[in-house]
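Data file: run.txt. Format and content: compact mmCIF, C-alpha atoms.
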```txt
# COMPACT_ATOMS: atom_id res chain seq x y z
CA MET A 289 0.00 0.00 0.00
CA LEU A 290 2.83 2.41 0.86
CA THR A 291 5.99 3.16 -1.06
CA GLU A 292 9.38 2.62 0.55
CA ASP A 293 9.74 6.41 0.78
CA GLN A 294 6.46 6.74 2.66
CA VAL A 295 7.43 4.04 5.14
CA ALA A 296 10.86 5.64 5.59
CA SER A 297 9.21 9.02 6.18
CA PHE A 298 7.02 7.56 8.93
CA ARG A 299 10.03 5.86 10.54
CA GLU A 300 11.93 9.14 10.51
CA ASN A 301 9.16 11.53 11.54
CA GLY A 302 6.63 9.48 13.54
CA TYR A 303 3.72 10.53 11.33
CA LEU A 304 2.51 10.28 7.74
CA ASN A 305 -0.05 12.57 6.11
CA TYR A 306 -1.32 10.09 3.55
CA GLY A 307 -4.27 11.72 1.80
CA LEU A 308 -7.76 10.48 0.95
CA VAL A 309 -8.90 7.06 2.19
CA LEU A 310 -12.70 7.55 2.23
CA THR A 311 -15.11 8.15 -0.62
CA PRO A 312 -17.37 11.21 -0.44
CA GLU A 313 -20.27 8.84 0.32
CA GLU A 314 -18.39 7.21 3.21
CA THR A 315 -17.44 10.59 4.62
CA ALA A 316 -21.04 11.80 4.40
CA GLY A 317 -22.20 8.62 6.14
CA LEU A 318 -19.86 9.31 9.07
CA ARG A 319 -21.11 12.90 9.30
CA GLU A 320 -24.70 11.66 9.45
CA ALA A 321 -23.82 9.04 12.08
CA LEU A 322 -22.02 11.67 14.16
CA ALA A 323 -25.07 13.96 14.01
CA ARG A 324 -27.27 11.13 15.33
CA CYS A 325 -24.86 10.37 18.14
CA LYS A 326 -24.65 14.03 19.18
CA SER A 327 -28.43 14.38 19.13
CA GLY A 328 -28.95 11.22 21.17
CA THR A 329 -30.88 9.42 18.43
CA SER A 330 -28.41 6.56 17.88
CA THR A 331 -29.77 3.10 18.61
CA HIS A 332 -26.95 2.42 21.08
CA ALA A 333 -24.70 4.55 23.28
CA ALA A 334 -21.01 5.29 22.87
CA GLU A 335 -18.63 4.68 25.75
CA SER A 336 -18.56 8.36 26.73
CA ASN A 337 -19.52 11.79 25.43
CA ARG A 338 -17.94 14.80 27.13
CA ASN A 339 -16.25 18.17 26.77
CA ILE A 340 -12.51 17.70 27.31
CA SER A 341 -11.41 21.22 26.36
CA TRP A 342 -9.10 23.40 28.35
CA GLY A 343 -10.81 26.68 29.25
CA GLN A 344 -14.36 25.37 29.61
CA ASP A 345 -15.06 28.22 32.02
CA LYS A 346 -14.30 30.56 29.10
CA GLY A 347 -16.69 28.78 26.76
CA PHE A 348 -14.22 26.55 24.92
CA VAL A 349 -15.48 23.17 23.71
CA VAL A 350 -13.83 20.03 22.38
CA THR A 351 -16.42 17.26 22.20
CA GLN A 352 -14.88 13.83 22.73
CA ILE A 353 -16.95 10.71 22.02
CA VAL A 354 -15.16 7.44 22.80
CA ASN A 355 -16.01 4.22 20.95
CA MET A 356 -18.32 5.60 18.34
CA PHE A 357 -18.37 2.07 16.94
CA GLN A 358 -20.57 1.02 19.87
CA ALA A 359 -23.18 3.59 18.86
CA GLU A 360 -23.19 3.69 15.07
CA GLU A 361 -22.70 0.98 12.44
CA ALA A 362 -20.96 3.40 10.07
CA PHE A 363 -18.19 3.85 12.60
CA ARG A 364 -17.94 0.09 13.20
CA GLN A 365 -17.50 -0.38 9.46
CA HIS A 366 -14.86 2.36 9.50
CA LEU A 367 -12.65 0.32 11.87
CA TYR A 368 -12.27 -2.28 9.11
CA ASN A 369 -11.49 0.15 6.28
CA GLU A 370 -9.27 -2.03 4.11
CA LYS A 371 -6.93 0.69 2.94
CA ILE A 372 -6.38 2.07 6.45
CA VAL A 373 -5.87 -1.35 8.03
CA LYS A 374 -3.37 -2.47 5.39
CA ILE A 375 -1.36 0.73 5.83
CA ILE A 376 -1.42 0.35 9.62
CA ALA A 377 -0.18 -3.24 9.31
CA GLN A 378 2.62 -2.15 7.01
CA LEU A 379 3.72 0.65 9.35
CA MET A 380 3.63 -1.66 12.39
CA ASP A 381 5.19 -4.56 10.45
CA THR A 382 2.56 -7.01 11.66
CA ASP A 383 -0.01 -9.36 10.17
CA THR A 384 -2.47 -8.98 13.06
CA VAL A 385 -4.16 -5.69 13.93
CA ARG A 386 -6.71 -4.92 16.65
CA VAL A 387 -8.52 -1.79 17.82
CA TRP A 388 -7.67 -0.34 21.22
CA HIS A 389 -10.50 2.18 20.97
CA ASP A 390 -11.70 5.03 18.79
CA GLN A 391 -12.48 8.61 19.66
CA MET A 392 -14.28 11.38 17.86
CA GLN A 393 -13.07 14.88 18.64
CA GLU A 394 -14.99 17.86 17.32
CA LYS A 395 -13.94 21.49 17.68
CA PRO A 396 -17.13 23.49 17.12
CA ALA A 397 -17.11 26.67 15.05
CA ARG A 398 -15.91 29.79 16.91
CA VAL A 399 -15.54 28.08 20.33
CA GLY A 400 -13.45 25.01 19.53
CA GLY A 401 -10.80 24.86 22.23
CA PRO A 402 -7.17 23.84 21.88
CA THR A 403 -5.99 20.25 22.23
CA GLY A 404 -2.98 20.41 24.50
CA TRP A 405 0.35 19.04 23.33
CA HIS A 406 0.67 15.41 24.42
CA GLN A 407 1.69 11.85 23.67
CA ASP A 408 -0.97 9.13 23.54
CA HIS A 409 0.59 6.04 25.05
CA PRO A 410 1.31 7.42 28.55
CA TYR A 411 -2.46 7.99 28.85
CA TRP A 412 -2.93 4.28 28.15
CA PRO A 413 -0.91 2.87 31.07
CA ILE A 414 -2.63 -0.52 31.06
CA ILE A 415 -1.32 -1.66 27.67
CA GLN A 416 2.22 -2.45 26.53
CA PRO A 417 4.40 -2.04 24.55
CA ALA A 418 4.17 1.44 23.02
CA ASP A 419 3.77 0.22 19.43
CA LEU A 420 0.29 1.58 18.62
CA ILE A 421 -0.46 3.78 15.62
CA SER A 422 -3.49 6.03 15.22
CA ALA A 423 -5.39 6.79 12.02
CA TRP A 424 -6.83 10.32 12.32
CA VAL A 425 -9.47 10.87 9.64
CA ALA A 426 -11.04 14.27 9.00
CA ILE A 427 -14.84 14.27 8.65
CA GLU A 428 -14.75 17.88 7.41
CA ASP A 429 -11.76 19.73 5.98
CA ALA A 430 -9.23 20.40 8.74
CA ASP A 431 -6.64 23.14 8.34
CA GLU A 432 -4.60 25.44 10.58
CA ALA A 433 -7.42 27.98 10.80
CA ASN A 434 -10.03 25.57 12.22
CA GLY A 435 -7.70 23.50 14.37
CA CYS A 436 -6.01 20.71 12.44
CA MET A 437 -3.42 18.64 14.26
CA SER A 438 0.26 19.47 14.29
CA MET A 439 3.13 17.05 14.98
CA VAL A 440 6.66 17.45 16.29
CA ARG A 441 8.98 15.80 13.80
CA GLY A 442 10.87 12.78 15.17
CA SER A 443 9.58 13.24 18.73
CA TYR A 444 8.39 9.65 19.12
CA LYS A 445 12.03 8.60 19.33
CA TRP A 446 12.55 10.66 22.49
CA GLY A 447 10.55 8.34 24.75
CA PRO A 448 7.60 9.04 27.07
CA LYS A 449 7.62 12.41 28.85
CA ASN A 450 5.78 13.77 31.88
CA GLY A 451 2.98 11.21 31.83
CA GLY A 452 2.22 12.19 28.25
CA THR A 453 1.44 15.85 29.00
CA ILE A 454 3.94 17.95 27.09
CA GLY A 455 2.31 21.26 27.98
CA SER A 456 1.10 24.07 25.74
CA ILE A 457 1.69 27.76 25.28
CA THR A 458 -1.54 29.27 23.99
CA GLU A 459 -3.04 32.72 23.64
CA GLU A 460 -6.77 33.11 23.05
CA SER A 461 -6.33 36.22 20.94
CA ASP A 462 -3.52 34.81 18.82
CA PRO A 463 -3.72 31.11 17.80
CA ASN A 464 -0.27 31.44 16.22
CA VAL A 465 1.25 31.61 19.71
CA TRP A 466 0.05 28.05 20.40
CA ARG A 467 3.06 25.72 20.64
CA PRO A 468 4.57 23.06 22.91
CA ALA A 469 5.82 24.02 26.37
CA TYR A 470 8.56 21.57 27.25
CA LYS A 471 11.60 21.19 29.46
CA PRO A 472 14.91 21.59 27.60
CA GLU A 473 16.23 18.37 29.13
CA TRP A 474 13.51 16.41 27.27
CA ILE A 475 15.20 17.16 23.95
CA PRO A 476 18.14 14.91 23.00
CA ASP A 477 21.41 16.53 21.99
CA GLY A 478 21.36 17.59 18.38
CA GLU A 479 17.55 17.51 18.13
CA THR A 480 15.18 20.45 17.74
CA VAL A 481 11.45 20.88 18.29
CA GLU A 482 9.99 21.34 14.81
CA VAL A 483 6.21 21.78 14.72
CA VAL A 484 4.64 20.62 11.45
CA PRO A 485 0.93 21.35 10.78
CA GLN A 486 -1.06 18.49 9.26
CA PRO A 487 -3.96 19.85 7.16
CA VAL A 488 -6.29 17.06 6.03
CA LYS A 489 -9.14 17.17 3.53
CA ALA A 490 -12.47 15.56 4.45
CA GLY A 491 -11.99 11.82 4.03
CA GLY A 492 -8.22 12.09 4.37
CA VAL A 493 -5.99 10.53 7.03
CA VAL A 494 -2.83 11.30 8.95
CA PHE A 495 -1.15 8.43 10.79
CA HIS A 496 0.92 8.97 13.93
CA HIS A 497 2.88 6.88 16.41
CA CYS A 498 1.56 6.74 19.97
CA LEU A 499 4.63 8.58 21.33
CA THR A 500 4.64 11.38 18.74
CA TRP A 501 4.08 14.82 20.26
CA HIS A 502 0.89 16.30 18.81
CA GLY A 503 -1.86 18.78 19.51
CA ALA A 504 -4.34 21.12 17.81
CA PRO A 505 -5.03 24.85 18.20
CA ILE A 506 -8.22 26.82 18.76
CA ASN A 507 -10.96 26.89 16.10
CA ARG A 508 -12.07 30.50 15.61
CA THR A 509 -13.59 29.92 12.16
CA GLU A 510 -17.22 29.45 11.15
CA ARG A 511 -16.46 25.78 10.31
CA ASN A 512 -16.70 22.77 12.60
CA ARG A 513 -13.70 20.46 12.79
CA PRO A 514 -14.80 16.86 13.49
CA ALA A 515 -12.37 13.97 13.13
CA ILE A 516 -12.34 10.29 14.08
CA ALA A 517 -9.14 8.76 15.46
CA VAL A 518 -8.91 4.98 15.58
CA HIS A 519 -6.10 3.72 17.80
CA TYR A 520 -4.81 0.48 16.32
CA MET A 521 -2.57 -2.00 18.13
CA PRO A 522 -0.41 -4.83 16.81
CA GLY A 523 -1.29 -8.41 17.69
CA TRP A 524 1.31 -8.60 20.46
CA THR A 525 -0.16 -5.76 22.59
CA ARG A 526 -0.66 -6.95 26.19
CA TYR A 527 -2.92 -5.97 29.05
CA GLU A 528 -0.63 -4.87 31.90
CA LYS A 529 -2.58 -3.97 35.02
CA GLU A 530 -0.69 -1.99 37.65
CA PRO A 531 -2.01 -0.57 40.95
CA GLY A 532 -3.34 2.95 40.58
CA LYS A 533 -3.44 2.85 36.79
CA GLU A 534 -6.69 2.57 34.88
CA HIS A 535 -8.46 3.56 31.68
CA LEU A 536 -12.00 4.42 30.59
CA VAL A 537 -12.49 1.23 28.55
CA GLU A 538 -10.76 -1.10 31.02
CA HIS A 539 -14.04 -2.55 32.28
CA HIS A 540 -14.43 -4.23 28.88
CA ILE A 541 -11.18 -6.21 29.25
CA THR A 542 -11.72 -9.93 29.82
CA VAL A 543 -8.14 -11.24 29.53
CA LYS A 544 -5.73 -11.55 32.46
CA PRO A 545 -2.77 -9.22 33.06
CA GLY A 546 0.13 -10.23 30.87
CA GLU A 547 -2.09 -11.74 28.18
CA VAL A 548 -2.62 -10.42 24.66
CA LEU A 549 -5.43 -7.86 24.66
CA LYS A 550 -8.37 -9.08 22.61
CA GLY A 551 -12.13 -9.38 22.97
CA ASP A 552 -15.45 -8.15 21.63
CA PHE A 553 -14.69 -4.52 22.49
CA PHE A 554 -11.20 -4.70 20.96
CA PRO A 555 -12.03 -5.91 17.45
CA THR A 556 -9.50 -7.87 15.41
CA VAL A 557 -9.51 -6.13 12.03
CA MET A 558 -6.65 -8.07 10.42
CA GLU A 559 -5.57 -11.65 11.10
CA ASN A 560 -2.79 -13.53 9.33
CA GLY A 561 -2.53 -10.69 6.85
CA VAL A 562 -6.20 -10.75 5.87
CA VAL A 563 -8.45 -7.74 6.54
CA LEU A 564 -11.60 -9.02 8.25
CA THR A 565 -15.17 -7.80 8.06
CA PRO A 566 -17.40 -6.68 10.97
```

Let me see the structure of the file written as structure tokens.
Amino acid sequence: MLTEDQVASFRENGYLNYGLVLTPEETAGLREALARCKSGTSTHAAESNRNISWGQDKGFVVTQIVNMFQAEEAFRQHLYNEKIVKIIAQLMDTDTVRVWHDQMQEKPARVGGPTGWHQDHPYWPIIQPADLISAWVAIEDADEANGCMSMVRGSYKWGPKNGGTIGSITEESDPNVWRPAYKPEWIPDGETVEVVPQPVKAGGVVFHHCLTWHGAPINRTERNRPAIAVHYMPGWTRYEKEPGKEHLVEHHITVKPGEVLKGDFFPTVMENGVVLTP
């Protein structure tokens, strides 16, 4: 699915802005399913639906809906998107791929808050190792003006930092001020913090490693910015329960600590190199 240059780029940078993976009809179907979920008219409920934005007291909103696939069939089908799954398998160099969970994040027009700079895997302390890759698909066009993601080039090689919270410098009146706030000792000798915006057209995808520094600025435009991130894990990912560490979807886990994480709520989307169907 990917060229050698694309794979090499991901290995070097920790992300890959691939381009379109959904048809206009598929993208429209996800928009319609999202509207039902937000209005409470879906047949089933997602795992959670909440505002996770910084600055909620100032009116900022980032709507996060976890495990949309529990609520809407269109999002369940999306987990098994053949093109996405094959690319994920190639990037992880595996023939078995499962879903850790998905999450929709929408930055509403005018009040969409910033997504603080962070790494994903430290927020998932009950699974190891840190080999997961996320497929972030825009449901509407996402650009710098309405809060597309940005990545720090090569940062996944620097290891986990500060429990995953990198920290952000942000200024409500000037979105251009938004950037990572980090300790100098986190940066290896010879490395620099290079922020690279990742604009994505509706139906397009950007892949990123679970230790890549990333975040997204405020949306002050008249356009919503919804996107669905599916966090994929290779077949060797284990459940590793430690005292004091937990996760929102942990109550769905049925395997024992130390065992490979699988089950009905962690769908296997590729097995022995074959992309499965829901």

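The closest residue to Ile353 in chain A, picked from A:Pro514, A:Pro413, A:Pro522, A:Gly546 and counting all atoms listed in the file, is A:Pro514.
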
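For the atom pair formed by CA of His502 in chain A and CA of Arg467 in chain A, the distance is 9.8 Å, given to one decimal.
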
Would you kindly return, as a CSV table (one decimal) with C-alpha atoms, in the coordinates of the input, each protein, DNA or RNA residue with an atom no farther than 10 Å from any atom of Glu528 in chain A, considering only C-alpha atoms and excluding same-chain residues fewer than 5 positions away?
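Final output, out.csv:
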```
chain,number,residue,atom,x,y,z
A,413,PRO,CA,-0.9,2.9,31.1
A,414,ILE,CA,-2.6,-0.5,31.1
A,415,ILE,CA,-1.3,-1.7,27.7
A,416,GLN,CA,2.2,-2.4,26.5
A,417,PRO,CA,4.4,-2.0,24.6
A,533,LYS,CA,-3.4,2.8,36.8
A,544,LYS,CA,-5.7,-11.6,32.5
A,545,PRO,CA,-2.8,-9.2,33.1
A,546,GLY,CA,0.1,-10.2,30.9
A,547,GLU,CA,-2.1,-11.7,28.2
A,548,VAL,CA,-2.6,-10.4,24.7
A,549,LEU,CA,-5.4,-7.9,24.7
```

Exercise. Give as a PyMOL selection string each residue that has an atom at most 10 Å from (-7.7, 29.2, 27.3) in the file, counting only C-alpha atoms.
Key: chain A and resi 341-348+401-402+457-461+506

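The space between CA of Val518 in chain A and CA of His409 in chain A spans 13.5 Å.
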
Around all of range 474-490 of chain A's listed atoms, make the axis-aligned box with 8 Å on each side and tell me centre and edge lengths in Å to one decimal, as JSON.
```
{"center_x": 4.5, "center_y": 18.3, "center_z": 15.4, "size_x": 49.9, "size_y": 22.9, "size_z": 39.7}
```

Exercise. Rank A:Glu313, A:Glu335, A:Asp381, A:Asp293 by their smallest atom-to-atom distance to His540 in chain A, using all atoms listed in the file, and report the top residue only.
Key: A:Glu335

Sorted per-residue table, range 423-463 of chain A near range 359-379 of chain A, closest atoms and distance, 12 Å, all atoms listed in the file, as JSON lines:
```
{"residue": "A:Ala423", "atom": "CA", "partner": "A:Ile372", "partner_atom": "CA", "distance": 7.4}
{"residue": "A:Trp424", "atom": "CA", "partner": "A:Ile372", "partner_atom": "CA", "distance": 10.1}
{"residue": "A:Val425", "atom": "CA", "partner": "A:Ile372", "partner_atom": "CA", "distance": 9.9}
{"residue": "A:Ile427", "atom": "CA", "partner": "A:Phe363", "partner_atom": "CA", "distance": 11.6}
```

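Closest approach to Thr311 in chain A from the set A:Ala490, A:Val387, A:Ala430, A:Ala333 is made by A:Ala490, with distances taken over all atoms listed in the file.
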
Exercise. Give the answer as one residue: which of A:Cys325, A:Val484, A:Ala418, A:Met437 has the shortest atom-to-atom distance to Thr351 in chain A, using all atoms listed in the file?
Key: A:Cys325

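Distance annotation: of A:Ser456, A:Ser422, A:Gln352, A:Ser330, the residue with the minimal separation from Gln393 in chain A is A:Gln352; atom set is only C-alpha atoms.
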
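Comparing the minimum interatomic distances between Asp390 in chain A and each of A:His332, A:His519, A:His497, A:His535, counting only C-alpha atoms, we find that A:His519 sits nearest.
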
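CA of Asp419 in chain A is found 6.9 Å from CA of Cys498 in chain A.
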
Quiz item: Skipping near chain neighbours, those fewer than 2 positions away, what residues fall within 7 Å of Trp388 in chain A using all atoms listed in the file, listed as a VMD selection string?
Solution: chain A and resid 386 519 to 521 554

Exercise. Tell me, as a VMD selection string, which residues lie within 10 Å of Ala316 in chain A, counting all atoms listed in the file; anything in the same chain fewer than 4 positions away does not count.
Key: chain A and resid 310 to 312 320 to 322 427 to 428 490 to 491

Expected file: the selected residues, C-alpha atoms, as a PDB file, keeping the file's coordinate frame:
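In the end it all went to result-v4.pdb:
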```pdb
ATOM      1  CA  LEU A 310     -12.700   7.550   2.230  1.00  0.00           C
ATOM      2  CA  THR A 311     -15.110   8.150  -0.620  1.00  0.00           C
ATOM      3  CA  PRO A 312     -17.370  11.210  -0.440  1.00  0.00           C
ATOM      4  CA  GLU A 320     -24.700  11.660   9.450  1.00  0.00           C
ATOM      5  CA  ALA A 321     -23.820   9.040  12.080  1.00  0.00           C
ATOM      6  CA  LEU A 322     -22.020  11.670  14.160  1.00  0.00           C
ATOM      7  CA  ILE A 427     -14.840  14.270   8.650  1.00  0.00           C
ATOM      8  CA  GLU A 428     -14.750  17.880   7.410  1.00  0.00           C
ATOM      9  CA  ALA A 490     -12.470  15.560   4.450  1.00  0.00           C
ATOM     10  CA  GLY A 491     -11.990  11.820   4.030  1.00  0.00           C
TER      11      GLY A 491
END
```

Quiz item: Within 6 Å of (-10.1, 3.9, 25.6), in the coordinates the file gives, what residues turn up when you count all atoms listed in the file, written out as a ChimeraX atom specification?
Solution: /A:389,536-537

Residue neighbourhood Ala504 in chain A, 9 Å, only C-alpha atoms, exclusion window fewer than 5 positions, as a compact mmCIF listing (two decimals) with C-alpha atoms, in the frame of the given file:
```
# COMPACT_ATOMS: atom_id res chain seq x y z
CA GLY A 401 -10.80 24.86 22.23
CA PRO A 402 -7.17 23.84 21.88
CA THR A 403 -5.99 20.25 22.23
CA GLY A 404 -2.98 20.41 24.50
CA TRP A 405 0.35 19.04 23.33
CA GLU A 432 -4.60 25.44 10.58
CA GLY A 435 -7.70 23.50 14.37
CA CYS A 436 -6.01 20.71 12.44
CA MET A 437 -3.42 18.64 14.26
CA SER A 438 0.26 19.47 14.29
CA MET A 439 3.13 17.05 14.98
CA TRP A 466 0.05 28.05 20.40
CA PRO A 485 0.93 21.35 10.78
```

What would the file be for range 512-528 of chain A if you keep N, CA and C atoms and write it as a PDB file, in the first residue's frame?
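After the write, result-v7.pdb holds the following:
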```pdb
ATOM      1  N   ASN A 512     -16.992  23.804  11.614  1.00  0.00           N
ATOM      2  CA  ASN A 512     -16.699  22.769  12.601  1.00  0.00           C
ATOM      3  C   ASN A 512     -15.490  21.958  12.156  1.00  0.00           C
ATOM      4  N   ARG A 513     -14.822  21.328  13.132  1.00  0.00           N
ATOM      5  CA  ARG A 513     -13.698  20.460  12.793  1.00  0.00           C
ATOM      6  C   ARG A 513     -13.850  19.110  13.500  1.00  0.00           C
ATOM      7  N   PRO A 514     -14.671  18.206  12.929  1.00  0.00           N
ATOM      8  CA  PRO A 514     -14.804  16.860  13.486  1.00  0.00           C
ATOM      9  C   PRO A 514     -13.799  15.903  12.848  1.00  0.00           C
ATOM     10  N   ALA A 515     -13.287  14.978  13.645  1.00  0.00           N
ATOM     11  CA  ALA A 515     -12.366  13.966  13.131  1.00  0.00           C
ATOM     12  C   ALA A 515     -12.491  12.715  13.981  1.00  0.00           C
ATOM     13  N   ILE A 516     -12.283  11.556  13.361  1.00  0.00           N
ATOM     14  CA  ILE A 516     -12.341  10.285  14.076  1.00  0.00           C
ATOM     15  C   ILE A 516     -10.936   9.682  14.097  1.00  0.00           C
ATOM     16  N   ALA A 517     -10.439   9.422  15.295  1.00  0.00           N
ATOM     17  CA  ALA A 517      -9.142   8.764  15.462  1.00  0.00           C
ATOM     18  C   ALA A 517      -9.388   7.332  15.917  1.00  0.00           C
ATOM     19  N   VAL A 518      -8.867   6.378  15.163  1.00  0.00           N
ATOM     20  CA  VAL A 518      -8.912   4.978  15.578  1.00  0.00           C
ATOM     21  C   VAL A 518      -7.504   4.588  16.011  1.00  0.00           C
ATOM     22  N   HIS A 519      -7.393   4.102  17.245  1.00  0.00           N
ATOM     23  CA  HIS A 519      -6.100   3.722  17.795  1.00  0.00           C
ATOM     24  C   HIS A 519      -5.920   2.220  17.595  1.00  0.00           C
ATOM     25  N   TYR A 520      -5.035   1.881  16.675  1.00  0.00           N
ATOM     26  CA  TYR A 520      -4.808   0.481  16.317  1.00  0.00           C
ATOM     27  C   TYR A 520      -3.598  -0.069  17.067  1.00  0.00           C
ATOM     28  N   MET A 521      -3.681  -1.360  17.426  1.00  0.00           N
ATOM     29  CA  MET A 521      -2.573  -1.997  18.127  1.00  0.00           C
ATOM     30  C   MET A 521      -2.151  -3.273  17.398  1.00  0.00           C
ATOM     31  N   PRO A 522      -0.856  -3.591  17.422  1.00  0.00           N
ATOM     32  CA  PRO A 522      -0.406  -4.835  16.809  1.00  0.00           C
ATOM     33  C   PRO A 522      -0.845  -6.030  17.641  1.00  0.00           C
ATOM     34  N   GLY A 523      -0.774  -7.203  17.029  1.00  0.00           N
ATOM     35  CA  GLY A 523      -1.291  -8.408  17.686  1.00  0.00           C
ATOM     36  C   GLY A 523      -0.597  -8.791  18.964  1.00  0.00           C
ATOM     37  N   TRP A 524       0.570  -8.228  19.250  1.00  0.00           N
ATOM     38  CA  TRP A 524       1.312  -8.604  20.464  1.00  0.00           C
ATOM     39  C   TRP A 524       1.030  -7.672  21.652  1.00  0.00           C
ATOM     40  N   THR A 525       0.139  -6.692  21.492  1.00  0.00           N
ATOM     41  CA  THR A 525      -0.157  -5.762  22.592  1.00  0.00           C
ATOM     42  C   THR A 525      -0.763  -6.509  23.774  1.00  0.00           C
ATOM     43  N   ARG A 526      -0.245  -6.244  24.981  1.00  0.00           N
ATOM     44  CA  ARG A 526      -0.660  -6.949  26.187  1.00  0.00           C
ATOM     45  C   ARG A 526      -1.414  -6.030  27.141  1.00  0.00           C
ATOM     46  N   TYR A 527      -2.286  -6.641  27.917  1.00  0.00           N
ATOM     47  CA  TYR A 527      -2.922  -5.966  29.048  1.00  0.00           C
ATOM     48  C   TYR A 527      -1.969  -6.052  30.231  1.00  0.00           C
ATOM     49  N   GLU A 528      -1.570  -4.907  30.778  1.00  0.00           N
ATOM     50  CA  GLU A 528      -0.627  -4.874  31.897  1.00  0.00           C
ATOM     51  C   GLU A 528      -1.219  -4.031  33.017  1.00  0.00           C
TER      52      GLU A 528
END
```
